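Peer 1: For reference, this is run16.cif, and it has mmCIF, N, CA and C atoms.
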data_data
loop_
_atom_site.label_atom_id
_atom_site.label_comp_id
_atom_site.auth_asym_id
_atom_site.auth_seq_id
_atom_site.Cartn_x
_atom_site.Cartn_y
_atom_site.Cartn_z
N MET A 18 50.74 -15.39 -20.21
CA MET A 18 49.82 -16.50 -20.17
C MET A 18 49.93 -17.25 -21.49
N GLU A 19 49.90 -18.55 -21.40
CA GLU A 19 50.01 -19.41 -22.59
C GLU A 19 48.73 -19.36 -23.41
N ILE A 20 48.85 -19.33 -24.72
CA ILE A 20 47.70 -19.31 -25.61
C ILE A 20 46.87 -20.58 -25.46
N SER A 21 47.51 -21.69 -25.15
CA SER A 21 46.77 -22.94 -24.99
C SER A 21 45.83 -22.87 -23.78
N VAL A 22 46.25 -22.21 -22.70
CA VAL A 22 45.41 -22.05 -21.52
C VAL A 22 44.22 -21.14 -21.84
N VAL A 23 44.49 -20.05 -22.55
CA VAL A 23 43.42 -19.12 -22.93
C VAL A 23 42.40 -19.83 -23.82
N LYS A 24 42.93 -20.57 -24.80
CA LYS A 24 42.05 -21.30 -25.74
C LYS A 24 41.19 -22.30 -24.99
N GLN A 25 41.77 -23.05 -24.08
CA GLN A 25 41.04 -24.05 -23.31
C GLN A 25 39.93 -23.39 -22.49
N ARG A 26 40.24 -22.28 -21.81
CA ARG A 26 39.24 -21.63 -20.97
C ARG A 26 38.11 -21.00 -21.79
N VAL A 27 38.46 -20.45 -22.94
CA VAL A 27 37.43 -19.89 -23.81
C VAL A 27 36.52 -21.00 -24.31
N ASN A 28 37.10 -22.13 -24.72
CA ASN A 28 36.29 -23.26 -25.20
C ASN A 28 35.39 -23.81 -24.09
N GLU A 29 35.90 -23.87 -22.87
CA GLU A 29 35.08 -24.32 -21.74
C GLU A 29 33.90 -23.37 -21.51
N THR A 30 34.15 -22.08 -21.64
CA THR A 30 33.10 -21.09 -21.46
C THR A 30 32.04 -21.23 -22.55
N ILE A 31 32.46 -21.44 -23.77
CA ILE A 31 31.52 -21.63 -24.88
C ILE A 31 30.65 -22.86 -24.64
N GLU A 32 31.25 -23.96 -24.24
CA GLU A 32 30.48 -25.18 -23.98
C GLU A 32 29.51 -25.01 -22.82
N ARG A 33 29.95 -24.34 -21.77
CA ARG A 33 29.08 -24.10 -20.61
C ARG A 33 27.89 -23.23 -21.04
N ALA A 34 28.15 -22.20 -21.84
CA ALA A 34 27.07 -21.32 -22.31
C ALA A 34 26.08 -22.10 -23.17
N LYS A 35 26.56 -23.00 -24.00
CA LYS A 35 25.68 -23.81 -24.85
C LYS A 35 24.81 -24.74 -24.01
N ARG A 36 25.40 -25.36 -22.97
CA ARG A 36 24.63 -26.24 -22.10
C ARG A 36 23.56 -25.45 -21.33
N THR A 37 23.93 -24.27 -20.85
CA THR A 37 22.99 -23.43 -20.12
C THR A 37 21.84 -23.01 -21.02
N ALA A 38 22.14 -22.60 -22.25
CA ALA A 38 21.10 -22.18 -23.18
C ALA A 38 20.19 -23.35 -23.54
N ALA A 39 20.75 -24.53 -23.72
CA ALA A 39 19.93 -25.71 -24.04
C ALA A 39 19.00 -26.04 -22.88
N GLY A 40 19.49 -25.95 -21.66
CA GLY A 40 18.66 -26.19 -20.48
C GLY A 40 17.54 -25.17 -20.37
N ARG A 41 17.86 -23.90 -20.63
CA ARG A 41 16.85 -22.85 -20.57
C ARG A 41 15.78 -23.07 -21.64
N ARG A 42 16.19 -23.44 -22.86
CA ARG A 42 15.22 -23.72 -23.93
C ARG A 42 14.31 -24.88 -23.54
N ALA A 43 14.87 -25.93 -22.94
CA ALA A 43 14.07 -27.08 -22.52
C ALA A 43 13.06 -26.68 -21.45
N ARG A 44 13.49 -25.86 -20.47
CA ARG A 44 12.56 -25.40 -19.42
C ARG A 44 11.46 -24.53 -20.01
N ASN A 45 11.83 -23.66 -20.95
CA ASN A 45 10.83 -22.79 -21.59
C ASN A 45 9.83 -23.58 -22.41
N ASP A 46 10.31 -24.61 -23.12
CA ASP A 46 9.41 -25.46 -23.90
C ASP A 46 8.43 -26.19 -23.00
N GLU A 47 8.93 -26.72 -21.90
CA GLU A 47 8.08 -27.44 -20.94
C GLU A 47 7.04 -26.49 -20.34
N ALA A 48 7.45 -25.28 -19.98
CA ALA A 48 6.52 -24.31 -19.41
C ALA A 48 5.48 -23.89 -20.45
N ALA A 49 5.88 -23.72 -21.69
CA ALA A 49 4.95 -23.33 -22.74
C ALA A 49 3.89 -24.41 -22.97
N ARG A 50 4.32 -25.68 -22.90
CA ARG A 50 3.36 -26.79 -23.05
C ARG A 50 2.35 -26.80 -21.90
N ALA A 51 2.79 -26.48 -20.70
CA ALA A 51 1.90 -26.47 -19.54
C ALA A 51 1.06 -25.20 -19.48
N TYR A 52 1.52 -24.14 -20.13
CA TYR A 52 0.86 -22.85 -20.02
C TYR A 52 -0.50 -22.80 -20.71
N GLN A 53 -0.62 -23.37 -21.90
CA GLN A 53 -1.90 -23.28 -22.63
C GLN A 53 -3.04 -23.98 -21.88
N PRO A 54 -2.84 -25.21 -21.37
CA PRO A 54 -3.90 -25.81 -20.55
C PRO A 54 -4.19 -24.99 -19.28
N PHE A 55 -3.16 -24.41 -18.69
CA PHE A 55 -3.35 -23.55 -17.52
C PHE A 55 -4.25 -22.36 -17.87
N LEU A 56 -3.98 -21.73 -19.00
CA LEU A 56 -4.82 -20.61 -19.44
C LEU A 56 -6.26 -21.05 -19.63
N ASP A 57 -6.44 -22.12 -20.41
CA ASP A 57 -7.79 -22.57 -20.78
C ASP A 57 -8.60 -23.09 -19.59
N GLN A 58 -7.96 -23.80 -18.68
CA GLN A 58 -8.68 -24.49 -17.61
C GLN A 58 -8.66 -23.77 -16.27
N VAL A 59 -7.70 -22.86 -16.07
CA VAL A 59 -7.57 -22.20 -14.76
C VAL A 59 -7.73 -20.68 -14.88
N ALA A 60 -6.82 -20.04 -15.56
CA ALA A 60 -6.76 -18.57 -15.55
C ALA A 60 -7.97 -17.92 -16.22
N ILE A 61 -8.30 -18.32 -17.44
CA ILE A 61 -9.40 -17.67 -18.15
C ILE A 61 -10.73 -17.83 -17.41
N PRO A 62 -11.08 -19.04 -16.93
CA PRO A 62 -12.34 -19.15 -16.17
C PRO A 62 -12.38 -18.26 -14.92
N VAL A 63 -11.26 -18.15 -14.20
CA VAL A 63 -11.24 -17.30 -13.00
C VAL A 63 -11.39 -15.84 -13.40
N PHE A 64 -10.68 -15.42 -14.44
CA PHE A 64 -10.80 -14.04 -14.91
C PHE A 64 -12.25 -13.73 -15.30
N ARG A 65 -12.91 -14.67 -15.98
CA ARG A 65 -14.30 -14.45 -16.39
C ARG A 65 -15.23 -14.36 -15.19
N GLN A 66 -14.99 -15.19 -14.18
CA GLN A 66 -15.82 -15.14 -12.97
C GLN A 66 -15.65 -13.80 -12.26
N VAL A 67 -14.41 -13.35 -12.15
CA VAL A 67 -14.15 -12.07 -11.50
C VAL A 67 -14.80 -10.94 -12.29
N ALA A 68 -14.68 -10.97 -13.61
CA ALA A 68 -15.31 -9.93 -14.45
C ALA A 68 -16.81 -9.91 -14.25
N SER A 69 -17.41 -11.08 -14.15
CA SER A 69 -18.85 -11.18 -13.95
C SER A 69 -19.27 -10.57 -12.61
N VAL A 70 -18.53 -10.88 -11.57
CA VAL A 70 -18.83 -10.34 -10.24
C VAL A 70 -18.62 -8.82 -10.24
N LEU A 71 -17.56 -8.35 -10.87
CA LEU A 71 -17.31 -6.90 -10.94
C LEU A 71 -18.43 -6.18 -11.68
N LYS A 72 -18.89 -6.76 -12.78
CA LYS A 72 -20.00 -6.14 -13.54
C LYS A 72 -21.26 -6.07 -12.68
N ALA A 73 -21.53 -7.12 -11.94
CA ALA A 73 -22.71 -7.14 -11.07
C ALA A 73 -22.59 -6.08 -9.98
N ALA A 74 -21.36 -5.76 -9.59
CA ALA A 74 -21.14 -4.74 -8.56
C ALA A 74 -21.02 -3.34 -9.14
N GLY A 75 -21.18 -3.20 -10.47
CA GLY A 75 -21.15 -1.89 -11.09
C GLY A 75 -19.81 -1.46 -11.66
N TYR A 76 -18.86 -2.38 -11.74
CA TYR A 76 -17.55 -2.10 -12.33
C TYR A 76 -17.46 -2.84 -13.65
N ALA A 77 -17.42 -2.09 -14.74
CA ALA A 77 -17.45 -2.70 -16.07
C ALA A 77 -16.06 -3.14 -16.51
N PHE A 78 -15.83 -4.44 -16.49
CA PHE A 78 -14.58 -5.04 -16.95
C PHE A 78 -14.90 -6.16 -17.92
N THR A 79 -14.01 -6.37 -18.89
CA THR A 79 -14.18 -7.42 -19.88
C THR A 79 -12.89 -8.23 -19.93
N VAL A 80 -13.02 -9.52 -20.23
CA VAL A 80 -11.87 -10.41 -20.34
C VAL A 80 -11.48 -10.55 -21.81
N PHE A 81 -10.19 -10.40 -22.08
CA PHE A 81 -9.62 -10.61 -23.41
C PHE A 81 -8.51 -11.63 -23.30
N THR A 82 -8.24 -12.30 -24.41
CA THR A 82 -7.15 -13.28 -24.43
C THR A 82 -6.21 -12.96 -25.59
N PRO A 83 -5.41 -11.89 -25.44
CA PRO A 83 -4.50 -11.51 -26.51
C PRO A 83 -3.24 -12.37 -26.51
N GLY A 84 -2.94 -12.99 -27.62
CA GLY A 84 -1.68 -13.70 -27.84
C GLY A 84 -1.05 -14.41 -26.67
N GLY A 85 -1.68 -15.43 -26.15
CA GLY A 85 -1.07 -16.22 -25.08
C GLY A 85 -1.12 -15.58 -23.71
N ALA A 86 -2.06 -14.68 -23.51
CA ALA A 86 -2.23 -14.03 -22.20
C ALA A 86 -3.72 -13.96 -21.90
N VAL A 87 -4.02 -13.56 -20.68
CA VAL A 87 -5.41 -13.28 -20.32
C VAL A 87 -5.41 -11.91 -19.64
N ARG A 88 -6.36 -11.07 -20.06
CA ARG A 88 -6.40 -9.69 -19.60
C ARG A 88 -7.80 -9.32 -19.13
N LEU A 89 -7.86 -8.73 -17.95
CA LEU A 89 -9.09 -8.16 -17.40
C LEU A 89 -8.97 -6.65 -17.60
N MET A 90 -9.78 -6.10 -18.52
CA MET A 90 -9.63 -4.70 -18.90
C MET A 90 -10.90 -3.92 -18.62
N SER A 91 -10.71 -2.70 -18.15
CA SER A 91 -11.82 -1.81 -17.87
C SER A 91 -12.52 -1.43 -19.17
N ASP A 92 -13.83 -1.38 -19.13
CA ASP A 92 -14.59 -0.93 -20.29
C ASP A 92 -14.52 0.59 -20.45
N ARG A 93 -14.11 1.29 -19.41
CA ARG A 93 -14.01 2.75 -19.46
C ARG A 93 -12.74 3.23 -20.14
N THR A 94 -11.62 2.59 -19.87
CA THR A 94 -10.35 3.01 -20.46
C THR A 94 -9.45 1.80 -20.69
N ALA A 95 -8.86 1.72 -21.87
CA ALA A 95 -8.02 0.58 -22.23
C ALA A 95 -6.72 0.54 -21.44
N GLU A 96 -6.36 1.63 -20.79
CA GLU A 96 -5.12 1.66 -20.00
C GLU A 96 -5.28 1.00 -18.64
N ASP A 97 -6.51 0.72 -18.23
CA ASP A 97 -6.76 0.06 -16.94
C ASP A 97 -6.94 -1.43 -17.17
N PHE A 98 -5.94 -2.22 -16.80
CA PHE A 98 -6.05 -3.66 -16.99
C PHE A 98 -5.12 -4.43 -16.06
N ILE A 99 -5.44 -5.71 -15.92
CA ILE A 99 -4.60 -6.69 -15.21
C ILE A 99 -4.39 -7.83 -16.19
N GLU A 100 -3.15 -8.24 -16.38
CA GLU A 100 -2.85 -9.27 -17.37
C GLU A 100 -1.89 -10.31 -16.79
N LEU A 101 -2.17 -11.57 -17.09
CA LEU A 101 -1.25 -12.66 -16.77
C LEU A 101 -0.68 -13.19 -18.07
N SER A 102 0.63 -13.42 -18.07
CA SER A 102 1.29 -13.98 -19.26
C SER A 102 2.50 -14.80 -18.81
N LEU A 103 2.99 -15.60 -19.72
CA LEU A 103 4.17 -16.42 -19.45
C LEU A 103 5.40 -15.65 -19.88
N ASP A 104 6.33 -15.48 -18.96
CA ASP A 104 7.59 -14.79 -19.23
C ASP A 104 8.71 -15.82 -19.34
N THR A 105 9.28 -15.93 -20.51
CA THR A 105 10.37 -16.90 -20.72
C THR A 105 11.70 -16.20 -20.95
N SER A 106 11.80 -14.93 -20.62
CA SER A 106 13.02 -14.18 -20.89
C SER A 106 14.10 -14.41 -19.84
N GLY A 107 13.72 -14.86 -18.66
CA GLY A 107 14.70 -15.05 -17.60
C GLY A 107 15.27 -16.46 -17.57
N GLU A 108 15.99 -16.75 -16.52
CA GLU A 108 16.62 -18.07 -16.36
C GLU A 108 15.56 -19.15 -16.18
N GLN A 109 14.50 -18.83 -15.43
CA GLN A 109 13.38 -19.75 -15.21
C GLN A 109 12.11 -19.12 -15.78
N PRO A 110 11.29 -19.87 -16.49
CA PRO A 110 10.01 -19.32 -16.96
C PRO A 110 9.10 -19.06 -15.76
N GLN A 111 8.30 -18.00 -15.85
CA GLN A 111 7.42 -17.67 -14.73
C GLN A 111 6.15 -16.99 -15.21
N LEU A 112 5.13 -17.09 -14.40
CA LEU A 112 3.87 -16.42 -14.67
C LEU A 112 4.03 -14.97 -14.21
N LEU A 113 3.76 -14.05 -15.12
CA LEU A 113 3.98 -12.64 -14.86
C LEU A 113 2.65 -11.90 -14.80
N CYS A 114 2.50 -11.04 -13.82
CA CYS A 114 1.31 -10.20 -13.69
C CYS A 114 1.70 -8.77 -14.07
N HIS A 115 0.99 -8.23 -15.05
CA HIS A 115 1.23 -6.86 -15.52
C HIS A 115 -0.04 -6.07 -15.24
N THR A 116 0.08 -5.00 -14.46
CA THR A 116 -1.06 -4.15 -14.13
C THR A 116 -0.79 -2.75 -14.65
N SER A 117 -1.80 -2.16 -15.25
CA SER A 117 -1.71 -0.81 -15.77
C SER A 117 -2.96 -0.06 -15.34
N ARG A 118 -2.78 1.19 -14.85
CA ARG A 118 -3.94 1.99 -14.49
C ARG A 118 -3.60 3.47 -14.64
N MET A 119 -4.61 4.22 -15.02
CA MET A 119 -4.48 5.66 -15.17
C MET A 119 -4.76 6.34 -13.84
N ARG A 120 -3.92 7.29 -13.49
CA ARG A 120 -4.11 8.15 -12.33
C ARG A 120 -4.05 9.57 -12.85
N GLY A 121 -5.22 10.14 -13.15
CA GLY A 121 -5.25 11.45 -13.79
C GLY A 121 -4.69 11.32 -15.19
N ARG A 122 -3.63 12.03 -15.48
CA ARG A 122 -2.97 11.92 -16.79
C ARG A 122 -1.76 11.00 -16.76
N ARG A 123 -1.48 10.45 -15.60
CA ARG A 123 -0.29 9.63 -15.42
C ARG A 123 -0.65 8.15 -15.49
N LEU A 124 0.14 7.40 -16.25
CA LEU A 124 -0.05 5.95 -16.37
C LEU A 124 0.88 5.25 -15.38
N VAL A 125 0.30 4.42 -14.53
CA VAL A 125 1.07 3.67 -13.53
C VAL A 125 1.07 2.21 -13.97
N GLU A 126 2.25 1.65 -14.19
CA GLU A 126 2.36 0.25 -14.60
C GLU A 126 3.25 -0.50 -13.63
N GLU A 127 2.86 -1.73 -13.34
CA GLU A 127 3.64 -2.61 -12.47
C GLU A 127 3.72 -3.98 -13.10
N GLU A 128 4.85 -4.62 -12.92
CA GLU A 128 5.04 -5.99 -13.40
C GLU A 128 5.76 -6.76 -12.31
N HIS A 129 5.23 -7.93 -12.00
CA HIS A 129 5.87 -8.77 -10.99
C HIS A 129 5.45 -10.22 -11.20
N PRO A 130 6.22 -11.16 -10.68
CA PRO A 130 5.82 -12.56 -10.78
C PRO A 130 4.50 -12.79 -10.05
N ALA A 131 3.59 -13.50 -10.71
CA ALA A 131 2.30 -13.80 -10.09
C ALA A 131 2.45 -14.93 -9.07
N SER A 132 3.42 -15.79 -9.31
CA SER A 132 3.66 -16.92 -8.41
C SER A 132 5.09 -17.37 -8.60
N ASN A 133 5.66 -17.93 -7.56
CA ASN A 133 7.02 -18.46 -7.70
C ASN A 133 7.01 -19.97 -7.92
N ARG A 134 5.82 -20.52 -8.17
CA ARG A 134 5.69 -21.95 -8.41
C ARG A 134 5.66 -22.24 -9.90
N ALA A 135 5.85 -23.50 -10.25
CA ALA A 135 5.77 -23.93 -11.64
C ALA A 135 4.34 -23.77 -12.14
N ILE A 136 4.18 -23.55 -13.44
CA ILE A 136 2.86 -23.33 -14.03
C ILE A 136 1.89 -24.45 -13.66
N GLU A 137 2.36 -25.69 -13.69
CA GLU A 137 1.49 -26.84 -13.41
C GLU A 137 0.96 -26.83 -11.99
N GLU A 138 1.63 -26.13 -11.08
CA GLU A 138 1.27 -26.12 -9.67
C GLU A 138 0.36 -24.96 -9.29
N ILE A 139 0.14 -24.01 -10.20
CA ILE A 139 -0.66 -22.83 -9.89
C ILE A 139 -2.14 -23.19 -10.00
N THR A 140 -2.88 -22.89 -8.96
CA THR A 140 -4.30 -23.26 -8.88
C THR A 140 -5.20 -22.05 -9.15
N SER A 141 -6.48 -22.31 -9.26
CA SER A 141 -7.44 -21.23 -9.43
C SER A 141 -7.45 -20.32 -8.20
N GLU A 142 -7.22 -20.87 -7.03
CA GLU A 142 -7.12 -20.06 -5.81
C GLU A 142 -5.96 -19.07 -5.90
N ASP A 143 -4.82 -19.53 -6.46
CA ASP A 143 -3.67 -18.65 -6.64
C ASP A 143 -4.00 -17.51 -7.59
N VAL A 144 -4.66 -17.84 -8.70
CA VAL A 144 -5.03 -16.82 -9.69
C VAL A 144 -6.01 -15.83 -9.06
N LEU A 145 -6.99 -16.33 -8.33
CA LEU A 145 -7.96 -15.46 -7.67
C LEU A 145 -7.26 -14.52 -6.68
N ALA A 146 -6.32 -15.04 -5.92
CA ALA A 146 -5.59 -14.21 -4.94
C ALA A 146 -4.85 -13.08 -5.64
N VAL A 147 -4.23 -13.37 -6.77
CA VAL A 147 -3.52 -12.33 -7.54
C VAL A 147 -4.52 -11.27 -8.01
N LEU A 148 -5.62 -11.73 -8.59
CA LEU A 148 -6.63 -10.78 -9.08
C LEU A 148 -7.20 -9.91 -7.96
N LEU A 149 -7.52 -10.51 -6.84
CA LEU A 149 -8.08 -9.74 -5.73
C LEU A 149 -7.10 -8.67 -5.25
N ARG A 150 -5.84 -9.03 -5.18
CA ARG A 150 -4.82 -8.06 -4.76
C ARG A 150 -4.69 -6.93 -5.79
N GLU A 151 -4.75 -7.28 -7.06
CA GLU A 151 -4.52 -6.30 -8.12
C GLU A 151 -5.74 -5.43 -8.43
N ILE A 152 -6.96 -5.91 -8.17
CA ILE A 152 -8.14 -5.09 -8.50
C ILE A 152 -8.44 -4.04 -7.43
N GLU A 153 -7.82 -4.16 -6.29
CA GLU A 153 -8.11 -3.24 -5.20
C GLU A 153 -8.00 -1.77 -5.61
N PRO A 154 -6.94 -1.34 -6.30
CA PRO A 154 -6.87 0.09 -6.71
C PRO A 154 -8.00 0.48 -7.68
N PHE A 155 -8.49 -0.47 -8.47
CA PHE A 155 -9.53 -0.15 -9.43
C PHE A 155 -10.89 0.04 -8.77
N VAL A 156 -11.14 -0.67 -7.71
CA VAL A 156 -12.45 -0.59 -7.05
C VAL A 156 -12.46 0.35 -5.85
N SER A 157 -11.33 0.93 -5.50
CA SER A 157 -11.28 1.83 -4.36
C SER A 157 -11.58 3.27 -4.74
N ARG A 158 -11.75 3.53 -6.02
CA ARG A 158 -12.01 4.92 -6.48
C ARG A 158 -13.38 5.37 -6.08
#
Using the file provided, produce a representation of the structure as structure tokens.
Peer 2:
Amino acid sequence: MEISVVKQRVNETIERAKRTAAGRRARNDEAARAYQPFLDQVAIPVFRQVASVLKAAGYAFTVFTPGGAVRLMSDRTAEDFIELSLDTSGEQPQLLCHTSRMRGRRLVEEEHPASNRAIEEITSEDVLAVLLREIEPFVSR
């Protein structure tokens, strides 16, 4: 194989990788700009409403906002929580739901996309649906 062909293909690969990385950075920046208003105006209020209803029903949960996320955590054990955060590690930024709960001495953790839609398109109904699905193991005890 000619060195000129190898050089050309390597250079094409480098340029393609740079374009892909630039596109990913632009998508992540756009999602990050949309994420903070989403947290403040949609996710945090819904989490607080759910926490309030749970407390009234006898389930002690508190809402925390650690570093760009919102977390509904049990007052009984810090290992029991549901958290929404922005995941920018993949090709497309996405809202990620992380759930952690203790089962005896065993910690069960799950992580999955909360929605497959863009951050700007996620509504309070979507957030509520995620929370309702995720709190079921906590309230079934």
Peer 1: Mind running segment 108-142 of chain A against segment 45-61 of chain A at 8 Å and telling me each contacting residue's nearest atom pair with the distance in Å (one decimal), counting all atoms listed in the file, chain and number ascending, as JSON lines?
Peer 2:
{"residue": "A:Glu108", "atom": "C", "partner": "A:Asn45", "partner_atom": "N", "distance": 7.6}
{"residue": "A:Gln109", "atom": "C", "partner": "A:Asn45", "partner_atom": "N", "distance": 6.9}
{"residue": "A:Pro110", "atom": "CA", "partner": "A:Asn45", "partner_atom": "CA", "distance": 5.8}
{"residue": "A:Gln111", "atom": "N", "partner": "A:Ala48", "partner_atom": "CA", "distance": 7.5}
{"residue": "A:Ala135", "atom": "C", "partner": "A:Ala48", "partner_atom": "CA", "distance": 7.6}
{"residue": "A:Ile136", "atom": "C", "partner": "A:Ala51", "partner_atom": "C", "distance": 5.9}
{"residue": "A:Glu137", "atom": "N", "partner": "A:Ala51", "partner_atom": "CA", "distance": 5.9}
{"residue": "A:Ile139", "atom": "C", "partner": "A:Val59", "partner_atom": "CA", "distance": 7.3}
{"residue": "A:Thr140", "atom": "C", "partner": "A:Val59", "partner_atom": "CA", "distance": 6.1}
{"residue": "A:Ser141", "atom": "CA", "partner": "A:Val59", "partner_atom": "CA", "distance": 5.4}
{"residue": "A:Glu142", "atom": "N", "partner": "A:Val59", "partner_atom": "CA", "distance": 7.9}
Peer 1: DSSP on the backbone, alpha helix (DSSP H) only: what residues of segment 53-147 of chain A does that give? Format it as a VMD selection string.
Peer 2: chain A and resid 53 to 55 61 to 73 141 to 147
Peer 1: Could you check the closest approach to Phe155 of chain A for each of A:Glu29, A:Glu138, A:Glu126, A:Asp97 and tell me which residue wins, using only C-alpha atoms?
Peer 2: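 Once distances to Phe155 of chain A are computed over only C-alpha atoms, the minimum belongs to A:Asp97.
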Peer 1: Quick one: pick out all strand (DSSP E) residues within segment 46-153 of chain A from a backbone DSSP run and write them as number ranges by chain.
Peer 2: A: 78-81, 86-91, 98-104, 111-120, 123-130
Peer 1: May I have the residues from that selection written out with N, CA and C atoms, as a short mmCIF file (atom, residue, chain, number, x, y, z; two decimals), in the coordinates of the input?
Peer 2:
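Wrote it out as again_20.cif, contents follow:
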data_model
loop_
_atom_site.label_atom_id
_atom_site.label_comp_id
_atom_site.auth_asym_id
_atom_site.auth_seq_id
_atom_site.Cartn_x
_atom_site.Cartn_y
_atom_site.Cartn_z
N PHE A 78 -15.83 -4.44 -16.49
CA PHE A 78 -14.58 -5.04 -16.95
C PHE A 78 -14.90 -6.16 -17.92
N THR A 79 -14.01 -6.37 -18.89
CA THR A 79 -14.18 -7.42 -19.88
C THR A 79 -12.89 -8.23 -19.93
N VAL A 80 -13.02 -9.52 -20.23
CA VAL A 80 -11.87 -10.41 -20.34
C VAL A 80 -11.48 -10.55 -21.81
N PHE A 81 -10.19 -10.40 -22.08
CA PHE A 81 -9.62 -10.61 -23.41
C PHE A 81 -8.51 -11.63 -23.30
N ALA A 86 -2.06 -14.68 -23.51
CA ALA A 86 -2.23 -14.03 -22.20
C ALA A 86 -3.72 -13.96 -21.90
N VAL A 87 -4.02 -13.56 -20.68
CA VAL A 87 -5.41 -13.28 -20.32
C VAL A 87 -5.41 -11.91 -19.64
N ARG A 88 -6.36 -11.07 -20.06
CA ARG A 88 -6.40 -9.69 -19.60
C ARG A 88 -7.80 -9.32 -19.13
N LEU A 89 -7.86 -8.73 -17.95
CA LEU A 89 -9.09 -8.16 -17.40
C LEU A 89 -8.97 -6.65 -17.60
N MET A 90 -9.78 -6.10 -18.52
CA MET A 90 -9.63 -4.70 -18.90
C MET A 90 -10.90 -3.92 -18.62
N SER A 91 -10.71 -2.70 -18.15
CA SER A 91 -11.82 -1.81 -17.87
C SER A 91 -12.52 -1.43 -19.17
N PHE A 98 -5.94 -2.22 -16.80
CA PHE A 98 -6.05 -3.66 -16.99
C PHE A 98 -5.12 -4.43 -16.06
N ILE A 99 -5.44 -5.71 -15.92
CA ILE A 99 -4.60 -6.69 -15.21
C ILE A 99 -4.39 -7.83 -16.19
N GLU A 100 -3.15 -8.24 -16.38
CA GLU A 100 -2.85 -9.27 -17.37
C GLU A 100 -1.89 -10.31 -16.79
N LEU A 101 -2.17 -11.57 -17.09
CA LEU A 101 -1.25 -12.66 -16.77
C LEU A 101 -0.68 -13.19 -18.07
N SER A 102 0.63 -13.42 -18.07
CA SER A 102 1.29 -13.98 -19.26
C SER A 102 2.50 -14.80 -18.81
N LEU A 103 2.99 -15.60 -19.72
CA LEU A 103 4.17 -16.42 -19.45
C LEU A 103 5.40 -15.65 -19.88
N ASP A 104 6.33 -15.48 -18.96
CA ASP A 104 7.59 -14.79 -19.23
C ASP A 104 8.71 -15.82 -19.34
N GLN A 111 8.30 -18.00 -15.85
CA GLN A 111 7.42 -17.67 -14.73
C GLN A 111 6.15 -16.99 -15.21
N LEU A 112 5.13 -17.09 -14.40
CA LEU A 112 3.87 -16.42 -14.67
C LEU A 112 4.03 -14.97 -14.21
N LEU A 113 3.76 -14.05 -15.12
CA LEU A 113 3.98 -12.64 -14.86
C LEU A 113 2.65 -11.90 -14.80
N CYS A 114 2.50 -11.04 -13.82
CA CYS A 114 1.31 -10.20 -13.69
C CYS A 114 1.70 -8.77 -14.07
N HIS A 115 0.99 -8.23 -15.05
CA HIS A 115 1.23 -6.86 -15.52
C HIS A 115 -0.04 -6.07 -15.24
N THR A 116 0.08 -5.00 -14.46
CA THR A 116 -1.06 -4.15 -14.13
C THR A 116 -0.79 -2.75 -14.65
N SER A 117 -1.80 -2.16 -15.25
CA SER A 117 -1.71 -0.81 -15.77
C SER A 117 -2.96 -0.06 -15.34
N ARG A 118 -2.78 1.19 -14.85
CA ARG A 118 -3.94 1.99 -14.49
C ARG A 118 -3.60 3.47 -14.64
N MET A 119 -4.61 4.22 -15.02
CA MET A 119 -4.48 5.66 -15.17
C MET A 119 -4.76 6.34 -13.84
N ARG A 120 -3.92 7.29 -13.49
CA ARG A 120 -4.11 8.15 -12.33
C ARG A 120 -4.05 9.57 -12.85
N ARG A 123 -1.48 10.45 -15.60
CA ARG A 123 -0.29 9.63 -15.42
C ARG A 123 -0.65 8.15 -15.49
N LEU A 124 0.14 7.40 -16.25
CA LEU A 124 -0.05 5.95 -16.37
C LEU A 124 0.88 5.25 -15.38
N VAL A 125 0.30 4.42 -14.53
CA VAL A 125 1.07 3.67 -13.53
C VAL A 125 1.07 2.21 -13.97
N GLU A 126 2.25 1.65 -14.19
CA GLU A 126 2.36 0.25 -14.60
C GLU A 126 3.25 -0.50 -13.63
N GLU A 127 2.86 -1.73 -13.34
CA GLU A 127 3.64 -2.61 -12.47
C GLU A 127 3.72 -3.98 -13.10
N GLU A 128 4.85 -4.62 -12.92
CA GLU A 128 5.04 -5.99 -13.40
C GLU A 128 5.76 -6.76 -12.31
N HIS A 129 5.23 -7.93 -12.00
CA HIS A 129 5.87 -8.77 -10.99
C HIS A 129 5.45 -10.22 -11.20
N PRO A 130 6.22 -11.16 -10.68
CA PRO A 130 5.82 -12.56 -10.78
C PRO A 130 4.50 -12.79 -10.05
#
Peer 1: Report as a count of residues only the residues that result from applying the PyMOL selection byres ((chain A and resi 85) around 8) to the structure here.
Peer 2: 12
Peer 1: For the atom pair atom CA of Phe78 of chain A and atom CA of Thr105 of chain A, what is the interatomic distance in Å to one decimal place?
Peer 2: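 Distance reported for this atom pair: 27.9 Å.
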Peer 1: Could you check which of A:Asn133, A:Ala43, A:Lys35, A:Asp92 is closest to Thr79 of chain A, using all atoms listed in the file?
Peer 2: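 Counting all atoms listed in the file, the residue closest to Thr79 of chain A is A:Asp92.
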Peer 1: Would you compute the distance between atom CA of Tyr76 of chain A and atom CA of Ser157 of chain A? Give it in Å to one decimal.
Peer 2: 10.9 Å
Peer 1: Can you pull out every residue within 10 Å of Ser117 of chain A, counting only C-alpha atoms, but drop anything in the same chain fewer than 5 positions away, and send it as a PyMOL selection string?
Peer 2: chain A and resi 90+95-100+124-128+151
Peer 1: Applying 6 Å and only C-alpha atoms, which residues near segment 129-131 of chain A remain after dropping the ones on its own chain fewer than 2 positions away? List them as a list in words.
Peer 2: Leu112, Leu113 and Cys114 of chain A
Peer 1: Figure out the distance between atom C of Asp104 of chain A and atom CA of Ala38 of chain A, please, to one decimal in Å.
Peer 2: 14.4 Å
Peer 1: Taking all atoms listed in the file into account, which of A:Ser91, A:Ser132, A:Asn28, A:Thr37 comes nearest Val147 of chain A?
Peer 2: A:Ser132
